Amino acid sequence: MNVREVGIPPVTYATVFVPNSQEGYFLKKIQEYAHEVTPIKGNPKHKNLVESIEDVRLALVKSFWQDPPTLQPGNTPLWCEIWLSKDDMDTENTFRNLCESLGIACGAGSISFPERRVLAAEVSSDHLATFIESFSHIAEFRRVKETARFFLEESNLDQVAWVDDLVARLSVSNDSPVSVCILDTGANNGHPLLESVLSDEDRQSCEPAWGVDDHHGHGTEMCGVVAYGDLKRALESRLPVRIDHRLESVKILPPTGTNDDKLFGYLTAQAIGRAEISAPMRHRIVCMAVTYDDPGFRGEPVEDDRKYRGRPSAWSAAIDELASGYVDGEHRLFVLCAGNTDDLADLSAYPHSNLTNSIQDPAQSWNALTVGACTELTTITDPALIGHEVVARPGSISPYTTTSLTWETGKWPSKPDIVMEGGNCVRNPGDGFVSGCHDLSLVTTYYRHTNYQFTHFSCTSAATARAAHMAAQIQYLYPDAWPETVRALMVHSAEWTTVMKEQFQQGKAAKSGYADLLRICGYGIPNLTRARECAENSLTIISQAEMQPFTKENGTYRSNEMHLYELPWPRETLLELGDVAIAMRITLSYFIEPGPGELGWQNRYRYQSHALRFDLNRPGESKEAFISRINRAAREEDDDRKHPSDDRWTIGSQARSRGSIHSDMWEGTAADIAACNNIGVFPVIGWWRERPTEDRWNRRARYSLVVSLRTQVEETDLYTPVLNKLRIPVEIAVW
């Protein structure tokens, strides 16, 4: 009936419903397991089935409830989603008749998915139990959430009341050292929800003649999400809301005409320069949801010119240079949108259209955090859309997002890096027409607040704004974190949903399936709690360090040093756990200096100034053998040869090594991981070494390394033993 993952590392639970007439069939399987064996291997019959069963009991509501337990109704009826296991009208009509006989209100309309039909009903916990007992096609229960449409279709007077209520609960850290600089169409800060987070002094324009106001609306829409994250949730909540970062706006799009006569990279640099001169001491996150496809940045594009298929452009290279800090010493985190698949013909071909529509310039930037769109929005309340179907399943990529699946394999980074909520679409089953709707969008601030307070917002712009909001929260919590570290924590906390894995991995070999998943969904959906907190049964270690990748010896330029970490794992605790599953994850984030000129675009080693890699020792492998293996792997990559992939890792060294951020997971036993506490960070070839005439061979490069362990055993405290050891700083051995 449903499958769900619980805990870290995740354990998959399946709820299997045995109808009243089929108990004999089920019990027969148990009897055969107990008394019969398979003819070849001699295993008990149905071994895999029976030994995977944790419990057999009467069906309980909690087995079907998919939302947090706190959202489950009690004695007071609440509107809930009833997910049926068959997608046909006969099943829906039978369920509606059951509701009518029980006096239960059932909402008009339904949503259809393959093998699922979703209806809304106003029910108590007893009603849900009755459904399970009386109707054999119950698959899942969830709470009905208010959609954006509720707020968007209120009168302006009622919208003002919602705004006033939120403002009364709002507190803003006016002296916060963290800001998000939004490069867009300008921003109107007269909106009551923005005036306290965006000052007049923090609104600027690349061209004074353009003004600083928002002539289009997109910039103000970005501001609402960057400031509040999920504005709908903030409006619905009765709790205090606190914002610990400031907003800045620099207008980079003209109110009329286009920017064809300017270099886009130059314009971006000018915008950032204005913000930094105005407030030089802030920890600034640059957020840009504008691509070459935007009408303000181009006239008539050359055929396929906007789709670089991973190849750097002057714009993306300029962003890499600005982020790297190798020119002016200022390292910067850029959060960029992947670009949209928003042609209606393309949307109707979901998800094939997402796989063939390329990430847009400049989102192929190596150093930027590129954000694609996913969605959890599937509830339709608009009476005009009764009978329509949602296009994307909850937990999948949004119909609007683009991917890097068509890029040349192994040459350019896998993009996007992460995905966040970007909205969904509806399809008319009659004519197949696909369109957006308010129900499946986000709520944000409208740029003309005297007319309306709110407007709908979706696509990769909305996802990028959500990502910038999360990055600002991490930066505020960890004021000493480098931009490389903030990016690393967001990627490190990201996970793929079960739906993403089902949609894009099935039928593929393990490593190739994960490689494709990276190019479609990035590393998945980031989680703020995982990024900023460390539970007692998990731990995260962060290192910010620098090395000199290359050196000159006897007139020859070669790789110089590697860093070896001997991590303070709680060895005794892990050995006591024995065969208990432990999940290890390692993320390495650094910024490259882009190689100048077309020459640098022909070869990935010539575009990147340097590359870094990580590896982990194997159980029983000595430190000397581990170092020897790393040196061999570095030489093989320098010679453009593929070294054997380590099967321990989920993604593998080949797929994870593209770009300038690398993350991978390994699940092993606690005993195995106790013996794996040496991590090596080492350089491989780049143009700093290969172009000695540029005099960059002796430059130093910095990086952030994030390492975490997690276990499902809640009573196991991994954190405290490591904390005690870390009171003596861990030294980095340089080899």
# chains A, B, ... in the order shown; residues from 1 in each chain; ligands from 1
$ residues_around --residues "Leu183 of chain A" --least-positions-apart "6" --cutoff "7 Å" --atoms "only C-alpha atoms" --output "list in words"
Ser249, Val250, Lys251, Ile252, Cys287 and Met288 of chain A
$ write_last_selection --atoms "C-alpha atoms" --output "mmCIF file, in the first residue's frame"
data_model
loop_
_atom_site.group_PDB
_atom_site.id
_atom_site.type_symbol
_atom_site.label_atom_id
_atom_site.label_comp_id
_atom_site.auth_asym_id
_atom_site.auth_seq_id
_atom_site.Cartn_x
_atom_site.Cartn_y
_atom_site.Cartn_z
ATOM 1 C CA SER A 249 19.112 44.536 -4.389
ATOM 2 C CA VAL A 250 21.148 45.546 -7.434
ATOM 3 C CA LYS A 251 19.226 46.126 -10.640
ATOM 4 C CA ILE A 252 20.936 44.419 -13.591
ATOM 5 C CA CYS A 287 21.578 35.316 -5.567
ATOM 6 C CA MET A 288 20.792 35.552 -9.283
#
$ residues_around --residues "segment 649-658 of chain A" --least-positions-apart "4" --cutoff "10 Å" --atoms "only C-alpha atoms" --output "NGL selection string"
:A and (366 or 409-415 or 510-519 or 584-585 or 587-588 or 604 or 611-615 or 642-645 or 662-668)
$ residues_around --residues "segment 388-392 of chain A" --least-positions-apart "2" --cutoff "12 Å" --atoms "only C-alpha atoms" --output "ChimeraX atom specification"
/A:87,109-114,116-118,347-352,354,373-386,394-401,422-437,439-440,499-500,503
$ write_last_selection --atoms "C-alpha atoms" --output "compact mmCIF listing (two decimals), in the first residue's frame"
# COMPACT_ATOMS: atom_id res chain seq x y z
CA ASP A 87 -6.91 4.91 -10.25
CA GLY A 109 -12.81 16.39 -7.52
CA SER A 110 -9.80 14.11 -7.28
CA ILE A 111 -6.17 13.86 -8.40
CA SER A 112 -4.94 10.94 -10.47
CA PHE A 113 -1.51 9.30 -10.51
CA PRO A 114 -0.46 5.90 -11.83
CA ARG A 116 -3.23 6.20 -7.12
CA ARG A 117 -6.29 8.42 -6.84
CA VAL A 118 -6.38 11.15 -4.18
CA LEU A 347 5.96 20.94 -20.18
CA SER A 348 3.49 18.48 -21.69
CA ALA A 349 6.38 16.08 -22.41
CA TYR A 350 7.39 15.82 -18.74
CA PRO A 351 9.79 14.35 -17.67
CA HIS A 352 11.42 13.72 -21.07
CA ASN A 354 13.49 18.05 -18.54
CA ALA A 373 13.42 22.71 -9.01
CA CYS A 374 11.53 19.85 -7.39
CA THR A 375 7.99 19.81 -6.01
CA GLU A 376 5.81 18.47 -3.23
CA LEU A 377 2.78 20.48 -4.37
CA THR A 378 -0.04 18.28 -5.66
CA THR A 379 -3.22 19.56 -3.99
CA ILE A 380 -5.75 21.21 -6.32
CA THR A 381 -8.60 23.17 -4.73
CA ASP A 382 -9.62 25.37 -7.68
CA PRO A 383 -13.15 24.29 -8.77
CA ALA A 384 -12.29 25.34 -12.33
CA LEU A 385 -9.64 22.59 -12.41
CA ILE A 386 -11.80 19.68 -11.31
CA PRO A 394 5.23 14.66 -5.00
CA GLY A 395 8.94 14.30 -4.35
CA SER A 396 9.94 14.44 -8.01
CA ILE A 397 11.56 17.16 -10.11
CA SER A 398 9.34 20.05 -11.13
CA PRO A 399 8.12 20.19 -14.74
CA TYR A 400 9.86 23.58 -15.01
CA THR A 401 13.44 22.52 -14.27
CA GLY A 422 9.70 25.22 -7.63
CA GLY A 423 6.05 24.39 -8.13
CA ASN A 424 4.04 22.01 -10.27
CA CYS A 425 1.68 22.08 -13.29
CA VAL A 426 -1.73 20.68 -14.16
CA ARG A 427 -2.77 18.75 -17.26
CA ASN A 428 -6.24 18.74 -18.80
CA PRO A 429 -6.87 15.06 -19.52
CA GLY A 430 -9.21 16.03 -22.34
CA ASP A 431 -6.77 17.84 -24.61
CA GLY A 432 -3.47 17.26 -22.78
CA PHE A 433 -2.95 21.01 -22.32
CA VAL A 434 -0.50 21.79 -19.49
CA SER A 435 -0.49 25.00 -17.47
CA GLY A 436 0.50 26.41 -14.11
CA CYS A 437 -2.02 27.21 -11.40
CA ASP A 439 -2.61 25.88 -6.08
CA LEU A 440 0.73 24.50 -7.24
CA VAL A 499 10.40 9.03 -6.11
CA MET A 500 13.53 10.52 -7.72
CA GLN A 503 11.90 7.78 -11.71
$ residues_around --residues "Thr540 of chain A" --least-positions-apart "6" --cutoff "8 Å" --atoms "only C-alpha atoms" --output "list in words"
Cys534, Val706, Val707, Ser708 and Leu709 of chain A
$ select_by_dssp --residues "segment 29-161 of chain A" --states "strand (DSSP E or B)" --output "JSON, numbers by chain"
{"A": [37, 44, 65, 78, 79, 80, 81, 82, 83, 84, 106, 111, 112, 113, 116, 117, 118, 119, 120, 121, 122, 123, 138, 139, 140, 141, 142, 143]}
$ atom_distance --atom1 "atom CA of Tyr326 of chain A" --atom2 "atom CA of Tyr590 of chain A"
12.1 Å
$ atom_distance --atom1 "atom CA of Arg691 of chain A" --atom2 "atom CA of Asn560 of chain A"
15.8 Å
$ select_by_dssp --residues "segment 240-343 of chain A" --states "alpha helix (DSSP H)" --output "ChimeraX atom specification"
/A:264-278,314-324
$ closest_residue --among "A:Ser176, A:Trp407, A:Met89, A:Thr455" --to "Met281 of chain A" --atoms "only C-alpha atoms"
A:Ser176
$ atom_distance --atom1 "atom CA of Ala633 of chain A" --atom2 "atom CA of Ser543 of chain A"
22.9 Å
$ residues_around --residues "Ala317 of chain A" --least-positions-apart "6" --cutoff "12 Å" --atoms "only C-alpha atoms" --output "short mmCIF file (atom, residue, chain, number, x, y, z; two decimals) with C-alpha atoms, in the first residue's frame"
data_model
loop_
_atom_site.label_atom_id
_atom_site.label_comp_id
_atom_site.auth_asym_id
_atom_site.auth_seq_id
_atom_site.Cartn_x
_atom_site.Cartn_y
_atom_site.Cartn_z
CA LEU A 263 29.34 41.91 -21.42
CA PHE A 264 27.15 40.03 -18.95
CA GLY A 265 30.11 39.04 -16.77
CA TYR A 266 31.22 42.67 -16.57
CA THR A 268 27.57 41.09 -12.87
CA ALA A 269 30.94 42.22 -11.51
CA GLY A 310 28.28 22.56 -19.97
CA ARG A 311 30.89 24.45 -21.97
CA ALA A 323 33.65 33.42 -6.67
CA SER A 324 37.20 32.12 -6.56
CA ASP A 361 24.03 30.06 -19.16
CA PRO A 362 25.57 31.01 -16.68
CA ALA A 363 24.40 28.16 -14.42
CA GLN A 364 27.14 25.88 -15.75
CA SER A 365 29.52 27.85 -13.51
CA TRP A 366 31.83 25.45 -11.65
CA ASN A 367 31.98 27.47 -8.42
CA ALA A 368 28.34 28.52 -8.14
CA PHE A 591 36.72 27.10 -5.86
CA ILE A 592 38.79 26.88 -9.04
CA GLU A 593 40.29 29.79 -10.97
CA PRO A 594 38.92 29.55 -14.52
CA GLY A 595 41.36 29.18 -17.41
CA PRO A 596 41.27 32.16 -19.76
CA GLY A 597 40.46 31.93 -23.44
CA GLU A 598 38.93 29.40 -25.78
CA GLY A 600 40.68 26.45 -21.74
CA TRP A 601 37.34 25.18 -23.00
CA TYR A 607 39.73 25.27 -17.70
CA GLN A 608 40.23 24.50 -14.01
#
$ closest_residue --among "A:Ala275, A:Leu98, A:Leu71, A:Ile243" --to "Ala121 of chain A" --atoms "only C-alpha atoms"
A:Leu98
$ closest_residue --among "A:Val371, A:Leu247, A:Ile673, A:Ile359" --to "Leu577 of chain A" --atoms "only C-alpha atoms"
A:Ile673
$ residues_around --residues "Thr185 of chain A" --least-positions-apart "3" --cutoff "9 Å" --atoms "only C-alpha atoms" --output "list in words"
Val212, Asp213, Asp214, His215, His216, Gly217, His218, Gly219, Thr220, Ser249, Val250, Lys251, Ile252, Leu253, Pro254 and Pro255 of chain A
$ residues_around --residues "Ile525 of chain A" --least-positions-apart "2" --cutoff "12 Å" --atoms "only C-alpha atoms" --output "PDB file with N, CA and C atoms, in the first residue's frame"
ATOM      1  N   VAL A 371      20.872  25.727  -8.713  1.00  0.00           N
ATOM      2  CA  VAL A 371      19.651  25.212  -8.084  1.00  0.00           C
ATOM      3  C   VAL A 371      18.611  24.869  -9.142  1.00  0.00           C
ATOM      4  N   GLY A 372      18.193  23.629  -9.155  1.00  0.00           N
ATOM      5  CA  GLY A 372      17.063  23.192  -9.964  1.00  0.00           C
ATOM      6  C   GLY A 372      15.805  23.147  -9.110  1.00  0.00           C
ATOM      7  N   ALA A 373      14.715  22.685  -9.704  1.00  0.00           N
ATOM      8  CA  ALA A 373      13.420  22.714  -9.007  1.00  0.00           C
ATOM      9  C   ALA A 373      12.855  21.310  -8.844  1.00  0.00           C
ATOM     10  N   CYS A 374      12.307  21.052  -7.665  1.00  0.00           N
ATOM     11  CA  CYS A 374      11.531  19.847  -7.387  1.00  0.00           C
ATOM     12  C   CYS A 374      10.156  20.304  -6.905  1.00  0.00           C
ATOM     13  N   THR A 375       9.302  19.385  -6.511  1.00  0.00           N
ATOM     14  CA  THR A 375       7.995  19.811  -6.010  1.00  0.00           C
ATOM     15  C   THR A 375       7.385  18.774  -5.078  1.00  0.00           C
ATOM     16  N   GLU A 376       6.673  19.277  -4.091  1.00  0.00           N
ATOM     17  CA  GLU A 376       5.808  18.472  -3.229  1.00  0.00           C
ATOM     18  C   GLU A 376       4.353  18.928  -3.362  1.00  0.00           C
ATOM     19  N   GLY A 395       7.607  14.824  -4.574  1.00  0.00           N
ATOM     20  CA  GLY A 395       8.939  14.300  -4.353  1.00  0.00           C
ATOM     21  C   GLY A 395       9.754  14.144  -5.614  1.00  0.00           C
ATOM     22  N   SER A 396       9.200  14.547  -6.761  1.00  0.00           N
ATOM     23  CA  SER A 396       9.940  14.444  -8.012  1.00  0.00           C
ATOM     24  C   SER A 396      10.423  15.817  -8.456  1.00  0.00           C
ATOM     25  N   ILE A 397      11.136  15.863  -9.582  1.00  0.00           N
ATOM     26  CA  ILE A 397      11.556  17.155 -10.107  1.00  0.00           C
ATOM     27  C   ILE A 397      10.343  17.893 -10.655  1.00  0.00           C
ATOM     28  N   PRO A 416      21.975  20.357 -11.936  1.00  0.00           N
ATOM     29  CA  PRO A 416      22.178  21.281 -10.816  1.00  0.00           C
ATOM     30  C   PRO A 416      22.907  20.602  -9.665  1.00  0.00           C
ATOM     31  N   ASP A 417      23.284  21.398  -8.660  1.00  0.00           N
ATOM     32  CA  ASP A 417      23.905  20.846  -7.463  1.00  0.00           C
ATOM     33  C   ASP A 417      22.860  20.353  -6.470  1.00  0.00           C
ATOM     34  N   ILE A 418      21.753  21.093  -6.342  1.00  0.00           N
ATOM     35  CA  ILE A 418      20.649  20.727  -5.460  1.00  0.00           C
ATOM     36  C   ILE A 418      19.345  21.097  -6.159  1.00  0.00           C
ATOM     37  N   VAL A 419      18.229  20.636  -5.613  1.00  0.00           N
ATOM     38  CA  VAL A 419      16.904  21.050  -6.082  1.00  0.00           C
ATOM     39  C   VAL A 419      16.072  21.481  -4.889  1.00  0.00           C
ATOM     40  N   MET A 420      15.208  22.476  -5.111  1.00  0.00           N
ATOM     41  CA  MET A 420      14.301  22.930  -4.062  1.00  0.00           C
ATOM     42  C   MET A 420      12.936  23.220  -4.676  1.00  0.00           C
ATOM     43  N   GLU A 421      11.950  23.490  -3.833  1.00  0.00           N
ATOM     44  CA  GLU A 421      10.570  23.632  -4.300  1.00  0.00           C
ATOM     45  C   GLU A 421      10.447  24.709  -5.374  1.00  0.00           C
ATOM     46  N   GLY A 422       9.895  24.296  -6.526  1.00  0.00           N
ATOM     47  CA  GLY A 422       9.701  25.224  -7.630  1.00  0.00           C
ATOM     48  C   GLY A 422       8.327  25.161  -8.251  1.00  0.00           C
ATOM     49  N   ALA A 463      12.916  28.291  -6.597  1.00  0.00           N
ATOM     50  CA  ALA A 463      13.818  27.335  -5.955  1.00  0.00           C
ATOM     51  C   ALA A 463      15.128  28.004  -5.553  1.00  0.00           C
ATOM     52  N   ARG A 466      14.664  30.095  -2.463  1.00  0.00           N
ATOM     53  CA  ARG A 466      14.606  29.236  -1.272  1.00  0.00           C
ATOM     54  C   ARG A 466      16.018  28.809  -0.865  1.00  0.00           C
ATOM     55  N   ALA A 467      16.864  28.490  -1.844  1.00  0.00           N
ATOM     56  CA  ALA A 467      18.230  28.068  -1.542  1.00  0.00           C
ATOM     57  C   ALA A 467      19.034  29.202  -0.923  1.00  0.00           C
ATOM     58  N   MET A 470      18.144  29.581   2.694  1.00  0.00           N
ATOM     59  CA  MET A 470      18.779  28.551   3.512  1.00  0.00           C
ATOM     60  C   MET A 470      20.266  28.846   3.706  1.00  0.00           C
ATOM     61  N   MET A 490      25.231  22.638   2.362  1.00  0.00           N
ATOM     62  CA  MET A 490      23.964  22.481   1.662  1.00  0.00           C
ATOM     63  C   MET A 490      23.957  21.203   0.837  1.00  0.00           C
ATOM     64  N   VAL A 491      25.049  20.937   0.136  1.00  0.00           N
ATOM     65  CA  VAL A 491      25.133  19.703  -0.639  1.00  0.00           C
ATOM     66  C   VAL A 491      25.191  18.491   0.286  1.00  0.00           C
ATOM     67  N   HIS A 492      25.960  18.602   1.365  1.00  0.00           N
ATOM     68  CA  HIS A 492      26.134  17.487   2.300  1.00  0.00           C
ATOM     69  C   HIS A 492      24.801  17.080   2.936  1.00  0.00           C
ATOM     70  N   SER A 493      23.918  18.037   3.121  1.00  0.00           N
ATOM     71  CA  SER A 493      22.633  17.748   3.769  1.00  0.00           C
ATOM     72  C   SER A 493      21.566  17.281   2.791  1.00  0.00           C
ATOM     73  N   ALA A 494      21.887  17.292   1.491  1.00  0.00           N
ATOM     74  CA  ALA A 494      20.878  16.983   0.476  1.00  0.00           C
ATOM     75  C   ALA A 494      20.708  15.477   0.311  1.00  0.00           C
ATOM     76  N   GLU A 495      19.482  15.071   0.031  1.00  0.00           N
ATOM     77  CA  GLU A 495      19.177  13.664  -0.214  1.00  0.00           C
ATOM     78  C   GLU A 495      18.164  13.544  -1.342  1.00  0.00           C
ATOM     79  N   TRP A 496      18.245  12.442  -2.076  1.00  0.00           N
ATOM     80  CA  TRP A 496      17.251  12.151  -3.101  1.00  0.00           C
ATOM     81  C   TRP A 496      16.021  11.531  -2.453  1.00  0.00           C
ATOM     82  N   THR A 497      14.866  11.843  -2.992  1.00  0.00           N
ATOM     83  CA  THR A 497      13.642  11.202  -2.531  1.00  0.00           C
ATOM     84  C   THR A 497      13.517   9.824  -3.169  1.00  0.00           C
ATOM     85  N   THR A 498      12.664   9.010  -2.579  1.00  0.00           N
ATOM     86  CA  THR A 498      12.384   7.693  -3.150  1.00  0.00           C
ATOM     87  C   THR A 498      11.838   7.822  -4.562  1.00  0.00           C
ATOM     88  N   MET A 500      12.443  10.201  -6.787  1.00  0.00           N
ATOM     89  CA  MET A 500      13.526  10.520  -7.719  1.00  0.00           C
ATOM     90  C   MET A 500      14.288   9.267  -8.124  1.00  0.00           C
ATOM     91  N   LEU A 518      22.567  12.403 -10.571  1.00  0.00           N
ATOM     92  CA  LEU A 518      23.299  13.638 -10.280  1.00  0.00           C
ATOM     93  C   LEU A 518      23.017  14.700 -11.330  1.00  0.00           C
ATOM     94  N   CYS A 521      18.906  15.566 -10.819  1.00  0.00           N
ATOM     95  CA  CYS A 521      18.419  16.061  -9.523  1.00  0.00           C
ATOM     96  C   CYS A 521      19.517  16.639  -8.653  1.00  0.00           C
ATOM     97  N   GLY A 522      20.752  16.748  -9.174  1.00  0.00           N
ATOM     98  CA  GLY A 522      21.846  17.144  -8.313  1.00  0.00           C
ATOM     99  C   GLY A 522      21.997  16.135  -7.184  1.00  0.00           C
ATOM    100  N   TYR A 523      22.377  16.611  -6.010  1.00  0.00           N
ATOM    101  CA  TYR A 523      22.485  15.735  -4.848  1.00  0.00           C
ATOM    102  C   TYR A 523      21.156  15.610  -4.096  1.00  0.00           C
ATOM    103  N   ASN A 527      18.523  19.811   3.533  1.00  0.00           N
ATOM    104  CA  ASN A 527      17.731  19.857   4.756  1.00  0.00           C
ATOM    105  C   ASN A 527      18.454  20.750   5.761  1.00  0.00           C
ATOM    106  N   LEU A 528      17.811  21.841   6.169  1.00  0.00           N
ATOM    107  CA  LEU A 528      18.449  22.806   7.051  1.00  0.00           C
ATOM    108  C   LEU A 528      18.819  22.198   8.394  1.00  0.00           C
ATOM    109  N   ARG A 530      19.606  19.073   9.076  1.00  0.00           N
ATOM    110  CA  ARG A 530      20.815  18.262   8.920  1.00  0.00           C
ATOM    111  C   ARG A 530      22.042  19.132   8.716  1.00  0.00           C
ATOM    112  N   ALA A 531      21.867  20.265   8.028  1.00  0.00           N
ATOM    113  CA  ALA A 531      23.012  21.115   7.711  1.00  0.00           C
ATOM    114  C   ALA A 531      23.551  21.847   8.935  1.00  0.00           C
TER     115      ALA A 531
END
$ closest_residue --among "A:Ala670, A:Val226, A:Ile542, A:Ile685" --to "Arg606 of chain A" --atoms "only C-alpha atoms"
A:Ile685
$ closest_residue --among "A:Arg282, A:Asn43, A:His245, A:Ser628" --to "Asp480 of chain A" --atoms "only C-alpha atoms"
A:Arg282
$ closest_residue --among "A:Ser101, A:Asn2, A:Thr450, A:Ser441" --to "Asp230 of chain A" --atoms "only C-alpha atoms"
A:Ser441
